[in-house]
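Coordinates as given in protein_0.cif (mmCIF, C-alpha atoms (C1' of nucleotides)):
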```cif
data_start
loop_
_atom_site.label_atom_id
_atom_site.label_comp_id
_atom_site.auth_asym_id
_atom_site.auth_seq_id
_atom_site.Cartn_x
_atom_site.Cartn_y
_atom_site.Cartn_z
CA MET A 1 -37.58 83.21 -244.71
CA ILE A 2 -35.89 81.17 -242.07
CA ASP A 3 -36.48 82.06 -238.47
CA PRO A 4 -32.93 82.86 -237.34
CA SER A 5 -33.62 81.43 -233.90
CA LYS A 6 -33.99 78.03 -235.57
CA ALA A 7 -30.53 78.01 -237.11
CA ILE A 8 -29.50 74.84 -235.24
CA LEU A 9 -32.64 73.08 -236.33
CA PHE A 10 -31.95 74.10 -239.91
CA SER A 11 -28.44 72.73 -239.79
CA PHE A 12 -29.68 69.49 -238.25
CA PHE A 13 -31.73 68.91 -241.39
CA GLN A 14 -29.08 70.21 -243.70
CA LYS A 15 -26.13 68.21 -242.43
CA HIS A 16 -27.52 64.89 -243.61
CA GLY A 17 -27.44 66.22 -247.17
CA LEU A 18 -30.78 64.78 -248.21
CA LEU A 19 -33.10 67.76 -248.01
CA ALA A 20 -33.47 70.77 -250.27
CA THR A 21 -33.64 74.13 -248.52
CA SER A 22 -37.25 74.60 -249.63
CA VAL A 23 -38.32 71.39 -247.92
CA ILE A 24 -36.49 72.29 -244.74
CA GLU A 25 -38.19 75.68 -244.68
CA GLU A 26 -41.51 73.92 -244.76
CA ALA A 27 -40.56 71.71 -241.84
CA LEU A 28 -39.21 74.35 -239.48
CA PRO A 29 -42.59 75.87 -238.52
CA CYS A 30 -43.77 72.47 -237.33
CA PHE A 31 -41.25 72.58 -234.49
CA GLU A 32 -41.91 74.30 -231.20
CA GLU A 33 -39.47 75.47 -228.64
CA LYS A 34 -39.17 73.38 -225.50
CA GLU A 35 -37.44 74.28 -222.25
CA LEU A 36 -36.30 71.68 -219.77
CA TYR A 37 -35.05 72.65 -216.37
CA LYS A 38 -32.34 70.66 -214.69
CA HIS A 39 -33.68 67.32 -213.38
CA SER A 40 -36.96 67.57 -215.27
CA PHE A 41 -38.01 64.74 -217.57
CA LEU A 42 -38.59 64.78 -221.30
CA LEU A 43 -39.84 61.19 -221.05
CA ARG A 44 -40.73 58.94 -218.14
CA GLU A 45 -40.75 55.17 -218.20
CA GLY A 46 -44.30 53.91 -218.58
CA SER A 47 -45.48 56.84 -220.66
CA VAL A 48 -45.61 57.21 -224.43
CA SER A 49 -43.07 59.53 -226.01
CA ASN A 50 -44.60 62.24 -228.12
CA GLU A 51 -41.51 64.30 -228.77
CA TYR A 52 -38.89 64.15 -231.45
CA MET A 53 -36.47 66.72 -230.11
CA ILE A 54 -33.44 68.47 -231.53
CA LEU A 55 -31.39 69.83 -228.69
CA GLU A 56 -30.09 73.36 -228.89
CA THR A 57 -28.47 73.90 -225.51
CA GLY A 58 -27.94 71.76 -222.45
CA PHE A 59 -27.35 68.09 -221.80
CA LEU A 60 -29.70 65.14 -221.31
CA ARG A 61 -29.35 61.58 -220.11
CA ALA A 62 -31.44 58.49 -220.91
CA PHE A 63 -31.61 55.71 -218.38
CA THR A 64 -33.54 52.63 -217.45
CA HIS A 65 -33.50 50.15 -214.57
CA ASP A 66 -31.92 46.73 -214.52
CA THR A 67 -33.38 43.56 -213.00
CA GLU A 68 -32.23 44.62 -209.52
CA GLY A 69 -33.75 48.06 -209.95
CA ALA A 70 -30.43 49.86 -210.36
CA ASP A 71 -30.18 52.88 -212.60
CA VAL A 72 -28.38 52.27 -215.94
CA THR A 73 -27.50 55.06 -218.33
CA THR A 74 -28.30 54.20 -221.93
CA ASN A 75 -27.43 57.47 -223.66
CA PHE A 76 -26.28 61.05 -223.42
CA TYR A 77 -27.49 63.87 -225.64
CA GLY A 78 -25.71 67.16 -226.34
CA PRO A 79 -26.38 70.28 -228.43
CA GLY A 80 -27.25 69.64 -232.08
CA GLY A 81 -28.24 66.05 -231.38
CA LEU A 82 -31.51 64.23 -231.81
CA VAL A 83 -33.23 63.18 -228.61
CA LEU A 84 -35.51 60.28 -229.38
CA GLU A 85 -36.68 56.95 -228.05
CA PRO A 86 -37.67 55.35 -231.36
CA ALA A 87 -39.68 52.41 -230.05
CA SER A 88 -41.97 54.49 -227.85
CA PHE A 89 -42.28 57.41 -230.25
CA PHE A 90 -42.96 55.47 -233.44
CA HIS A 91 -44.88 52.55 -232.01
CA ARG A 92 -46.88 54.64 -229.52
CA THR A 93 -46.01 52.25 -226.73
CA PRO A 94 -44.98 52.93 -223.11
CA SER A 95 -41.29 53.66 -222.79
CA ARG A 96 -38.92 51.58 -220.71
CA GLU A 97 -36.55 54.52 -220.62
CA ASN A 98 -36.44 57.86 -218.90
CA ILE A 99 -34.91 60.93 -220.49
CA GLN A 100 -33.90 63.59 -218.00
CA ALA A 101 -32.14 66.95 -218.19
CA LEU A 102 -28.70 67.00 -216.59
CA THR A 103 -28.59 70.79 -216.98
CA ASP A 104 -31.09 73.46 -217.95
CA SER A 105 -31.76 72.68 -221.60
CA ARG A 106 -33.64 74.01 -224.57
CA GLY A 107 -34.51 72.58 -227.96
CA TRP A 108 -37.08 72.09 -230.67
CA VAL A 109 -39.80 69.47 -230.67
CA ILE A 110 -42.26 68.04 -233.15
CA THR A 111 -45.12 65.66 -232.38
CA PHE A 112 -45.57 62.22 -233.87
CA GLU A 113 -48.58 63.42 -235.83
CA LYS A 114 -46.87 66.39 -237.42
CA LEU A 115 -43.75 64.45 -238.22
CA ASN A 116 -45.84 61.84 -239.99
CA MET A 117 -47.51 64.57 -242.00
CA LEU A 118 -44.11 65.72 -243.20
CA PHE A 119 -43.15 62.15 -244.08
CA HIS A 120 -46.27 61.68 -246.14
CA ALA A 121 -45.95 65.03 -247.89
CA HIS A 122 -42.32 64.71 -249.01
CA PRO A 123 -40.52 61.62 -250.27
CA ALA A 124 -37.22 63.33 -249.51
CA PHE A 125 -38.33 63.81 -245.94
CA ARG A 126 -39.09 60.13 -245.64
CA GLU A 127 -35.61 59.30 -246.88
CA PHE A 128 -34.28 61.68 -244.31
CA GLY A 129 -36.28 60.08 -241.54
CA ARG A 130 -35.16 56.63 -242.53
CA SER A 131 -31.57 57.74 -242.77
CA VAL A 132 -31.66 59.12 -239.25
CA LEU A 133 -33.05 55.86 -237.93
CA VAL A 134 -30.53 53.77 -239.80
CA LYS A 135 -27.67 55.89 -238.51
CA GLY A 136 -28.93 55.46 -234.98
CA PHE A 137 -29.08 51.74 -235.57
CA ALA A 138 -25.52 51.66 -236.85
CA ALA A 139 -24.29 53.73 -233.91
CA LEU A 140 -25.92 51.32 -231.48
CA LYS A 141 -24.24 48.38 -233.20
CA GLU A 142 -20.92 50.16 -232.85
CA ARG A 143 -21.56 50.61 -229.17
CA MET A 144 -22.50 46.96 -228.82
CA LEU A 145 -19.20 45.81 -230.34
CA PHE A 146 -17.37 48.38 -228.30
CA MET A 147 -18.80 46.82 -225.13
CA ILE A 148 -17.97 43.29 -226.26
CA ASN A 149 -14.51 43.91 -227.67
CA GLU A 150 -12.90 46.54 -225.48
CA LYS A 151 -11.89 46.37 -221.87
CA ALA A 152 -13.27 48.89 -219.42
CA GLU A 153 -10.15 51.07 -219.49
CA GLN A 154 -10.21 51.26 -223.26
CA ARG A 155 -13.92 52.08 -223.25
CA TYR A 156 -13.23 54.88 -220.80
CA LEU A 157 -10.39 56.29 -222.87
CA LEU A 158 -12.34 56.19 -226.10
CA LEU A 159 -15.38 57.85 -224.57
CA LEU A 160 -13.15 60.52 -223.08
CA GLN A 161 -11.56 61.10 -226.46
CA ASN A 162 -14.73 61.06 -228.57
CA ASN A 163 -17.14 62.72 -226.13
CA PRO A 164 -15.15 64.83 -223.72
CA ASP A 165 -18.19 67.04 -223.16
CA ILE A 166 -19.98 64.19 -221.37
CA PHE A 167 -17.34 64.39 -218.65
CA GLN A 168 -18.09 68.06 -218.19
CA GLN A 169 -21.81 67.53 -217.83
CA ALA A 170 -22.52 64.18 -216.24
CA PRO A 171 -21.51 62.76 -212.85
CA LEU A 172 -19.10 59.85 -213.01
CA LYS A 173 -21.59 57.40 -211.58
CA HIS A 174 -23.79 57.89 -214.64
CA ILE A 175 -20.84 57.59 -216.97
CA ALA A 176 -19.84 54.40 -215.18
CA THR A 177 -23.15 52.65 -215.86
CA TYR A 178 -23.01 53.87 -219.46
CA LEU A 179 -19.60 52.17 -219.74
CA GLY A 180 -21.01 49.04 -218.16
CA ILE A 181 -18.94 49.21 -214.97
CA THR A 182 -19.39 50.32 -211.36
CA ASP A 183 -18.41 53.76 -210.17
CA THR A 184 -15.73 52.13 -208.03
CA SER A 185 -14.13 50.55 -211.08
CA LEU A 186 -14.29 53.79 -213.01
CA SER A 187 -12.56 55.58 -210.19
CA ARG A 188 -9.81 52.96 -210.14
CA ILE A 189 -9.39 53.18 -213.89
CA ARG A 190 -9.08 56.95 -213.75
CA LYS A 191 -6.37 56.59 -211.17
CA GLU A 192 -4.48 54.09 -213.31
CA VAL A 193 -4.76 56.32 -216.36
CA ALA A 194 -3.60 59.37 -214.41
CA LYS A 195 -0.37 57.59 -213.45
CA LYS A 196 0.73 57.27 -217.07
CA MET B 1 -53.83 34.52 -256.04
CA ILE B 2 -51.02 33.89 -253.63
CA ASP B 3 -48.19 31.68 -254.71
CA PRO B 4 -48.43 28.90 -252.10
CA SER B 5 -44.65 28.50 -252.08
CA LYS B 6 -44.47 32.00 -250.61
CA ALA B 7 -46.58 31.23 -247.57
CA ILE B 8 -43.76 32.10 -245.15
CA LEU B 9 -43.18 35.39 -246.90
CA PHE B 10 -46.88 36.16 -246.68
CA SER B 11 -46.97 35.48 -242.98
CA PHE B 12 -43.87 37.63 -242.45
CA PHE B 13 -45.83 40.59 -243.78
CA GLN B 14 -49.03 39.62 -242.09
CA LYS B 15 -47.73 39.08 -238.60
CA HIS B 16 -46.89 42.74 -238.05
CA GLY B 17 -50.57 43.56 -238.52
CA LEU B 18 -50.03 46.66 -240.62
CA LEU B 19 -50.67 45.45 -244.14
CA ALA B 20 -53.92 44.57 -245.90
CA THR B 21 -53.89 41.32 -247.83
CA SER B 22 -54.23 43.18 -251.12
CA VAL B 23 -51.04 45.14 -250.45
CA ILE B 24 -49.15 42.01 -249.47
CA GLU B 25 -50.25 40.30 -252.66
CA GLU B 26 -48.74 43.14 -254.61
CA ALA B 27 -45.44 42.82 -252.77
CA LEU B 28 -44.95 39.07 -253.08
CA PRO B 29 -44.02 39.00 -256.79
CA CYS B 30 -41.17 41.42 -256.09
CA PHE B 31 -39.37 38.72 -254.11
CA GLU B 32 -37.17 36.11 -255.68
CA GLU B 33 -36.05 32.84 -254.28
CA LYS B 34 -32.47 32.60 -253.10
CA GLU B 35 -30.48 29.52 -252.19
CA LEU B 36 -27.43 29.63 -249.98
CA TYR B 37 -25.22 26.63 -249.55
CA LYS B 38 -23.49 25.99 -246.27
CA HIS B 39 -20.53 28.35 -245.77
CA SER B 40 -21.53 30.65 -248.64
CA PHE B 41 -21.98 34.36 -248.00
CA LEU B 42 -25.08 36.50 -248.35
CA LEU B 43 -22.94 39.54 -247.61
CA ARG B 44 -19.21 40.11 -247.35
CA GLU B 45 -17.55 42.91 -245.46
CA GLY B 46 -16.46 45.64 -247.83
CA SER B 47 -19.32 45.10 -250.27
CA VAL B 48 -22.70 46.81 -250.41
CA SER B 49 -25.70 44.77 -249.35
CA ASN B 50 -28.41 44.56 -251.97
CA GLU B 51 -30.61 41.99 -250.34
CA TYR B 52 -33.46 42.26 -247.90
CA MET B 53 -34.04 38.60 -247.19
CA ILE B 54 -36.75 36.65 -245.42
CA LEU B 55 -35.39 33.27 -244.48
CA GLU B 56 -37.48 30.20 -245.16
CA THR B 57 -35.20 27.35 -244.16
CA GLY B 58 -31.70 27.11 -242.73
CA PHE B 59 -29.61 29.19 -240.39
CA LEU B 60 -27.30 32.16 -240.91
CA ARG B 61 -24.73 34.00 -238.84
CA ALA B 62 -23.54 37.61 -239.04
CA PHE B 63 -20.05 38.44 -237.86
CA THR B 64 -17.39 41.08 -237.99
CA HIS B 65 -13.79 41.41 -236.81
CA ASP B 66 -12.56 43.16 -233.70
CA THR B 67 -9.48 45.36 -233.39
CA GLU B 68 -7.21 42.29 -233.10
CA GLY B 69 -8.81 40.70 -236.14
CA ALA B 70 -10.74 38.09 -234.19
CA ASP B 71 -14.10 36.90 -235.42
CA VAL B 72 -17.11 38.23 -233.44
CA THR B 73 -20.65 37.00 -234.00
CA THR B 74 -23.18 39.82 -234.11
CA ASN B 75 -26.35 37.92 -234.96
CA PHE B 76 -28.05 34.67 -235.81
CA TYR B 77 -30.95 34.28 -238.21
CA GLY B 78 -33.47 31.45 -238.33
CA PRO B 79 -36.53 30.55 -240.40
CA GLY B 80 -39.18 33.26 -240.69
CA GLY B 81 -36.71 35.97 -239.72
CA LEU B 82 -35.50 39.02 -241.58
CA VAL B 83 -31.88 38.93 -242.66
CA LEU B 84 -30.70 42.49 -243.11
CA GLU B 85 -27.75 44.76 -242.46
CA PRO B 86 -29.65 48.06 -242.39
CA ALA B 87 -26.71 50.47 -242.66
CA SER B 88 -25.24 48.88 -245.77
CA PHE B 89 -28.57 48.11 -247.42
CA PHE B 90 -30.28 51.46 -246.90
CA HIS B 91 -27.28 53.74 -247.12
CA ARG B 92 -25.63 51.87 -249.99
CA THR B 93 -22.33 51.78 -248.15
CA PRO B 94 -19.76 48.97 -247.74
CA SER B 95 -20.68 46.60 -244.96
CA ARG B 96 -18.48 45.96 -241.94
CA GLU B 97 -20.30 42.70 -241.42
CA ASN B 98 -20.37 39.32 -243.08
CA ILE B 99 -23.48 37.20 -243.28
CA GLN B 100 -22.79 33.53 -243.87
CA ALA B 101 -24.88 30.38 -244.08
CA LEU B 102 -24.32 27.95 -241.20
CA THR B 103 -26.39 25.35 -243.02
CA ASP B 104 -27.87 25.03 -246.49
CA SER B 105 -30.51 27.74 -246.52
CA ARG B 106 -33.24 29.15 -248.68
CA GLY B 107 -35.29 32.32 -248.57
CA TRP B 108 -36.81 35.24 -250.43
CA VAL B 109 -35.00 38.40 -251.41
CA ILE B 110 -35.91 41.82 -252.70
CA THR B 111 -33.52 44.47 -253.99
CA PHE B 112 -33.13 47.95 -252.56
CA GLU B 113 -34.66 49.44 -255.69
CA LYS B 114 -37.77 47.31 -255.67
CA LEU B 115 -38.30 47.72 -251.97
CA ASN B 116 -38.14 51.48 -252.36
CA MET B 117 -40.75 51.27 -255.11
CA LEU B 118 -43.08 49.49 -252.73
CA PHE B 119 -42.43 52.11 -250.05
CA HIS B 120 -43.27 54.92 -252.41
CA ALA B 121 -46.36 53.24 -253.75
CA HIS B 122 -48.02 52.39 -250.44
CA PRO B 123 -48.12 54.46 -247.27
CA ALA B 124 -49.01 51.31 -245.34
CA PHE B 125 -45.90 49.66 -246.68
CA ARG B 126 -43.78 52.54 -245.46
CA GLU B 127 -45.27 52.18 -242.01
CA PHE B 128 -44.46 48.51 -242.18
CA GLY B 129 -40.88 49.19 -243.20
CA ARG B 130 -40.43 51.70 -240.43
CA SER B 131 -41.98 49.38 -237.90
CA VAL B 132 -39.56 46.61 -238.81
CA LEU B 133 -36.60 48.96 -238.40
CA VAL B 134 -37.85 50.28 -235.08
CA LYS B 135 -38.37 46.77 -233.78
CA GLY B 136 -34.85 45.86 -234.78
CA PHE B 137 -33.62 48.94 -232.99
CA ALA B 138 -35.50 48.03 -229.83
CA ALA B 139 -34.20 44.46 -229.96
CA LEU B 140 -30.63 45.72 -230.22
CA LYS B 141 -31.16 47.98 -227.22
CA GLU B 142 -32.43 44.99 -225.28
CA ARG B 143 -29.33 43.07 -226.20
CA MET B 144 -27.15 45.98 -225.17
CA LEU B 145 -28.71 46.09 -221.68
CA PHE B 146 -28.54 42.33 -221.50
CA MET B 147 -24.78 42.53 -222.06
CA ILE B 148 -24.32 45.29 -219.50
CA ASN B 149 -26.61 43.97 -216.79
CA GLU B 150 -26.30 40.23 -216.86
CA LYS B 151 -23.34 38.04 -216.03
CA ALA B 152 -22.07 35.57 -218.60
CA GLU B 153 -23.83 32.59 -217.02
CA GLN B 154 -27.16 34.40 -217.02
CA ARG B 155 -26.67 35.48 -220.63
CA TYR B 156 -25.99 31.89 -221.56
CA LEU B 157 -29.07 30.61 -219.75
CA LEU B 158 -31.36 33.21 -221.26
CA LEU B 159 -30.09 32.61 -224.78
CA LEU B 160 -30.53 28.89 -224.28
CA GLN B 161 -34.07 29.46 -223.07
CA ASN B 162 -35.14 32.01 -225.70
CA ASN B 163 -33.24 30.66 -228.71
CA PRO B 164 -32.58 26.97 -228.15
CA ASP B 165 -32.40 26.47 -231.93
CA ILE B 166 -29.16 28.44 -232.08
CA PHE B 167 -27.51 25.72 -230.03
CA GLN B 168 -28.62 23.14 -232.57
CA GLN B 169 -27.20 25.06 -235.51
CA ALA B 170 -24.13 27.02 -234.47
CA PRO B 171 -20.81 25.86 -233.00
CA LEU B 172 -20.18 26.95 -229.43
CA LYS B 173 -17.27 29.19 -230.38
CA HIS B 174 -19.62 31.38 -232.40
CA ILE B 175 -22.18 31.43 -229.63
CA ALA B 176 -19.41 32.40 -227.20
CA THR B 177 -18.44 35.53 -229.14
CA TYR B 178 -22.12 36.40 -229.49
CA LEU B 179 -22.38 36.23 -225.69
CA GLY B 180 -19.25 38.35 -225.36
CA ILE B 181 -17.07 35.66 -223.80
CA THR B 182 -14.37 33.22 -224.88
CA ASP B 183 -15.13 29.65 -225.87
CA THR B 184 -13.16 28.54 -222.81
CA SER B 185 -15.44 30.49 -220.50
CA LEU B 186 -18.54 29.20 -222.21
CA SER B 187 -17.32 25.66 -221.78
CA ARG B 188 -16.71 26.29 -218.08
CA ILE B 189 -20.15 27.84 -217.67
CA ARG B 190 -21.81 24.88 -219.34
CA LYS B 191 -20.03 22.60 -216.93
CA GLU B 192 -21.20 24.63 -213.94
CA VAL B 193 -24.78 24.69 -215.20
CA ALA B 194 -24.75 20.95 -215.84
CA LYS B 195 -23.85 20.29 -212.19
CA LYS B 196 -27.08 21.82 -210.97
"C1'" DA C 1 -10.30 3.70 -243.28
"C1'" DT C 2 -6.87 6.87 -242.19
"C1'" DT C 3 -5.56 11.30 -241.52
"C1'" DA C 4 -6.14 16.02 -240.77
"C1'" DT C 5 -8.86 19.55 -239.17
"C1'" DT C 6 -11.95 21.51 -236.26
"C1'" DA C 7 -14.70 21.52 -232.07
"C1'" DC C 8 -14.90 21.20 -227.36
"C1'" DT C 9 -13.19 20.48 -222.56
"C1'" DT C 10 -10.14 20.92 -218.69
"C1'" DG C 11 -6.58 22.66 -215.49
"C1'" DC C 12 -3.67 26.10 -214.15
"C1'" DC C 13 -2.83 30.83 -213.09
"C1'" DA C 14 -3.28 35.86 -214.21
"C1'" DA C 15 -5.96 39.93 -215.16
"C1'" DT C 16 -10.15 42.36 -214.72
"C1'" DT C 17 -14.02 43.84 -212.38
"C1'" DG C 18 -17.32 43.87 -208.43
"C1'" DG C 19 -18.89 44.53 -203.43
"C1'" DT C 20 -18.51 46.67 -199.19
"C1'" DA C 21 -17.26 50.09 -196.30
"C1'" DA C 22 -14.87 54.03 -194.87
"C1'" DG C 23 -12.99 58.37 -195.84
"C1'" DT C 24 -12.55 62.88 -198.28
"C1'" DA C 25 -14.30 66.39 -201.34
"C1'" DT C 26 -17.84 68.89 -203.40
"C1'" DT C 27 -22.31 70.71 -203.98
"C1'" DG C 28 -26.75 72.35 -202.79
"C1'" DC C 29 -29.71 74.25 -199.40
"C1'" DC C 30 -31.41 77.00 -195.39
"C1'" DG D 1 -21.57 80.30 -193.17
"C1'" DG D 2 -22.87 75.90 -191.71
"C1'" DC D 3 -25.23 71.49 -192.46
"C1'" DA D 4 -26.75 67.80 -195.19
"C1'" DA D 5 -26.69 65.36 -199.14
"C1'" DT D 6 -24.26 63.79 -202.96
"C1'" DA D 7 -20.09 62.77 -205.50
"C1'" DC D 8 -15.82 60.72 -205.68
"C1'" DT D 9 -11.77 58.03 -204.03
"C1'" DT D 10 -9.37 54.37 -201.76
"C1'" DA D 11 -8.39 49.89 -199.64
"C1'" DC D 12 -9.50 45.40 -198.90
"C1'" DC D 13 -10.88 40.94 -200.63
"C1'" DA D 14 -14.05 38.01 -203.54
"C1'" DA D 15 -16.04 36.70 -207.88
"C1'" DT D 16 -15.79 36.59 -212.76
"C1'" DT D 17 -13.54 36.03 -216.89
"C1'" DG D 18 -9.40 35.45 -219.89
"C1'" DG D 19 -5.03 33.21 -221.78
"C1'" DC D 20 -2.42 29.37 -222.61
"C1'" DA D 21 -1.60 24.71 -223.33
"C1'" DA D 22 -2.76 20.02 -223.39
"C1'" DG D 23 -6.01 16.63 -224.13
"C1'" DT D 24 -10.16 14.27 -226.05
"C1'" DA D 25 -13.98 14.02 -229.25
"C1'" DA D 26 -16.15 14.79 -233.42
"C1'" DT D 27 -16.17 15.98 -238.28
"C1'" DA D 28 -14.41 16.49 -242.83
"C1'" DA D 29 -11.13 15.36 -246.48
"C1'" DT D 30 -8.44 12.15 -249.21
#
```

Entire entry expressed as structure tokens:
Amino acid sequence: MIDPSKAILFSFFQKHGLLATSVIEEALPCFEEKELYKHSFLLREGSVSNEYMILETGFLRAFTHDTEGADVTTNFYGPGGLVLEPASFFHRTPSRENIQALTDSRGWVITFEKLNMLFHAHPAFREFGRSVLVKGFAALKERMLFMINEKAEQRYLLLLQNNPDIFQQAPLKHIATYLGITDTSLSRIRKEVAKK
Amino acid sequence: MIDPSKAILFSFFQKHGLLATSVIEEALPCFEEKELYKHSFLLREGSVSNEYMILETGFLRAFTHDTEGADVTTNFYGPGGLVLEPASFFHRTPSRENIQALTDSRGWVITFEKLNMLFHAHPAFREFGRSVLVKGFAALKERMLFMINEKAEQRYLLLLQNNPDIFQQAPLKHIATYLGITDTSLSRIRKEVAKK
DNA sequence: ATTATTACTTGCCAATTGGTAAGTATTGCC
DNA sequence: GGCAATACTTACCAATTGGCAAGTAATAAT
């Protein structure tokens, strides 16, 4: 029987199309509920991530600091998404990134140890894990090209189109650094766009 | 016994520190030699990658096309490195990238099928495979921040410092797109730097 | 060797983005 | 409700980068 409170978790596993229901049912009990209040951290730079989290409600932001110490947003996470810093979690090394709740949030977490157990027990689960990583990799490449090829205004418009929820949840200054521009420039761009 | 011609391949596996010599010895025979003449392609956009390649000699370049159809360099590969487009190789989907030889090159390749066999046979090999992916992921994140945080001149200087070999092997126009600037700008930057 | 192609540089000017600082609006807190 | 902190906008000017076009240098092809 599937715990109905874990419906989102179930669909996270199901949507990739690699796992049989029986395997998913075995995985679900390994996840525990986790609450994050607004402004609290899931991960702090310098510490080792021990949480592979599927977000159920709320919104998170990942950020790091540049050479001058300024805050730079590296990612946003919304409901149904995977919240993970792969390098720290899988390599057990201190993270360079912070992951912080933008709003009160809740989700499901599994530890490195338990996740590894699942990987070793089920070949299909390993395929699943790899697939998730590879997709993240591909998404990051997309973002890279997006930053290189598109001008700031275009980046803004595409983010607005593809992730309108980010604009509901995050302050513009965080969105600006995610887009690779200053908050001043973002403000100007918004004004330009509004004219049209 | 280890085939002495595969010494580079051996050290590729060894340097990550996750594989016992006995496991590596089992993997080596699964790799075949591959020659690439200058200008020939290891992977073409639209086709599915079937090669996980460790480069022995030569230099390769990965590139794709932006929205206007212009050529954009996404990566360079030198001796001892892994040449891989993870999304196409692992997901068996058409690649958006090309990988082309900048010089006559030679290396060792394994197919998706054989690599998977090794993964299933040895837990340590799976860890190794995951570790390689995660490192690639982390490197790409680095590059992303590098593009967001550093100005073009700084990006040029750091690439020159960390990968001087690229400047020996690739034309400046390819390096320019890799740095996210035009060849004109790169030329100007080089002039500025030379002054100092 | 000559020619054609490609690589690279330079100068000019335009477009994009950043930095600073001030002002307004909004939000959170007591 | 009132105050303080934070978020956002705007205006000014400076710095960075791009686009075009012409020129030179180097490389490849015949």

Between B:Ser185, B:Thr103, B:Asn116, B:Asn50, single out the one closest to DG18 in chain D, counting all atoms listed in the file.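 Among the listed residues, B:Ser185 lies closest to DG18 in chain D.
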
Closest to chain D among A:Leu55, A:Ile189, A:Leu9, A:Ala62, using only C-alpha atoms (C1' of nucleotides)? A:Ile189

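Straight-line separation from CA of Leu43 in chain B to CA of Gln100 in chain B: 7.1 Å.
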
Sorted by chain and rising residue number, list the residues of chain A at most 12 Å from chain C (counting all atoms listed in the file), each with its closest atom pair and distance in Å to one decimal, as JSON lines.
```
{"residue": "A:Glu150", "atom": "CA", "partner": "C:DT16", "partner_atom": "C1'", "distance": 11.9}
{"residue": "A:Lys151", "atom": "CA", "partner": "C:DT16", "partner_atom": "C1'", "distance": 8.4}
{"residue": "A:Ala152", "atom": "CA", "partner": "C:DT16", "partner_atom": "C1'", "distance": 8.6}
{"residue": "A:Glu153", "atom": "CA", "partner": "C:DT16", "partner_atom": "C1'", "distance": 9.9}
{"residue": "A:Pro171", "atom": "CA", "partner": "C:DT26", "partner_atom": "C1'", "distance": 11.8}
{"residue": "A:Gly180", "atom": "CA", "partner": "C:DT17", "partner_atom": "C1'", "distance": 10.5}
{"residue": "A:Ile181", "atom": "CA", "partner": "C:DT17", "partner_atom": "C1'", "distance": 7.7}
{"residue": "A:Thr182", "atom": "CA", "partner": "C:DG18", "partner_atom": "C1'", "distance": 7.4}
{"residue": "A:Asp183", "atom": "CA", "partner": "C:DG18", "partner_atom": "C1'", "distance": 10.1}
{"residue": "A:Thr184", "atom": "CA", "partner": "C:DG18", "partner_atom": "C1'", "distance": 8.4}
{"residue": "A:Ser185", "atom": "CA", "partner": "C:DT17", "partner_atom": "C1'", "distance": 6.8}
{"residue": "A:Leu186", "atom": "CA", "partner": "C:DT17", "partner_atom": "C1'", "distance": 10.0}
{"residue": "A:Arg188", "atom": "CA", "partner": "C:DT17", "partner_atom": "C1'", "distance": 10.3}
{"residue": "A:Ile189", "atom": "CA", "partner": "C:DT17", "partner_atom": "C1'", "distance": 10.5}
```

Could you jot down the CA of Asn98 in chain A to CA of Arg44 in chain A separation for me, Å, one decimal place? 4.5 Å

Would you write out, as an mmCIF file with C-alpha atoms, in the frame of the given file, every residue that the PyMOL selection byres ((chain A) within 8 of (chain B)) captures in this file?
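Writing done, so here's part.cif:
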```cif
data_model
loop_
_atom_site.group_PDB
_atom_site.id
_atom_site.type_symbol
_atom_site.label_atom_id
_atom_site.label_comp_id
_atom_site.auth_asym_id
_atom_site.auth_seq_id
_atom_site.Cartn_x
_atom_site.Cartn_y
_atom_site.Cartn_z
ATOM 1 C CA ASP A 66 -31.920 46.730 -214.520
ATOM 2 C CA THR A 67 -33.380 43.560 -213.000
ATOM 3 C CA PRO A 86 -37.670 55.350 -231.360
ATOM 4 C CA ALA A 87 -39.680 52.410 -230.050
ATOM 5 C CA PHE A 90 -42.960 55.470 -233.440
ATOM 6 C CA HIS A 91 -44.880 52.550 -232.010
ATOM 7 C CA HIS A 120 -46.270 61.680 -246.140
ATOM 8 C CA PRO A 123 -40.520 61.620 -250.270
ATOM 9 C CA ARG A 130 -35.160 56.630 -242.530
ATOM 10 C CA SER A 131 -31.570 57.740 -242.770
ATOM 11 C CA LEU A 133 -33.050 55.860 -237.930
ATOM 12 C CA VAL A 134 -30.530 53.770 -239.800
ATOM 13 C CA LYS A 135 -27.670 55.890 -238.510
ATOM 14 C CA PHE A 137 -29.080 51.740 -235.570
ATOM 15 C CA ALA A 138 -25.520 51.660 -236.850
ATOM 16 C CA LEU A 140 -25.920 51.320 -231.480
ATOM 17 C CA LYS A 141 -24.240 48.380 -233.200
ATOM 18 C CA MET A 144 -22.500 46.960 -228.820
ATOM 19 C CA LEU A 145 -19.200 45.810 -230.340
ATOM 20 C CA MET A 147 -18.800 46.820 -225.130
ATOM 21 C CA ILE A 148 -17.970 43.290 -226.260
ATOM 22 C CA ASN A 149 -14.510 43.910 -227.670
ATOM 23 C CA GLY A 180 -21.010 49.040 -218.160
#
```

Correct to one decimal, the distance CA of Leu18 in chain A-CA of Val83 in chain B is 26.5 Å

Considering all atoms listed in the file, tabulate each residue of chain D that lies at most 9 Å from chain A along with its nearest interatomic pair and the corresponding distance in Å to one decimal; arrange the rows by chain and ascending residue number and present them as a Markdown table.
```
| residue | atom | partner | partner_atom | distance |
| --- | --- | --- | --- | --- |
| D:DA7 | C1' | A:Pro171 | CA | 7.5 |
| D:DC8 | C1' | A:Ser187 | CA | 7.6 |
| D:DT9 | C1' | A:Ser187 | CA | 6.7 |
| D:DT10 | C1' | A:Arg188 | CA | 8.5 |
```
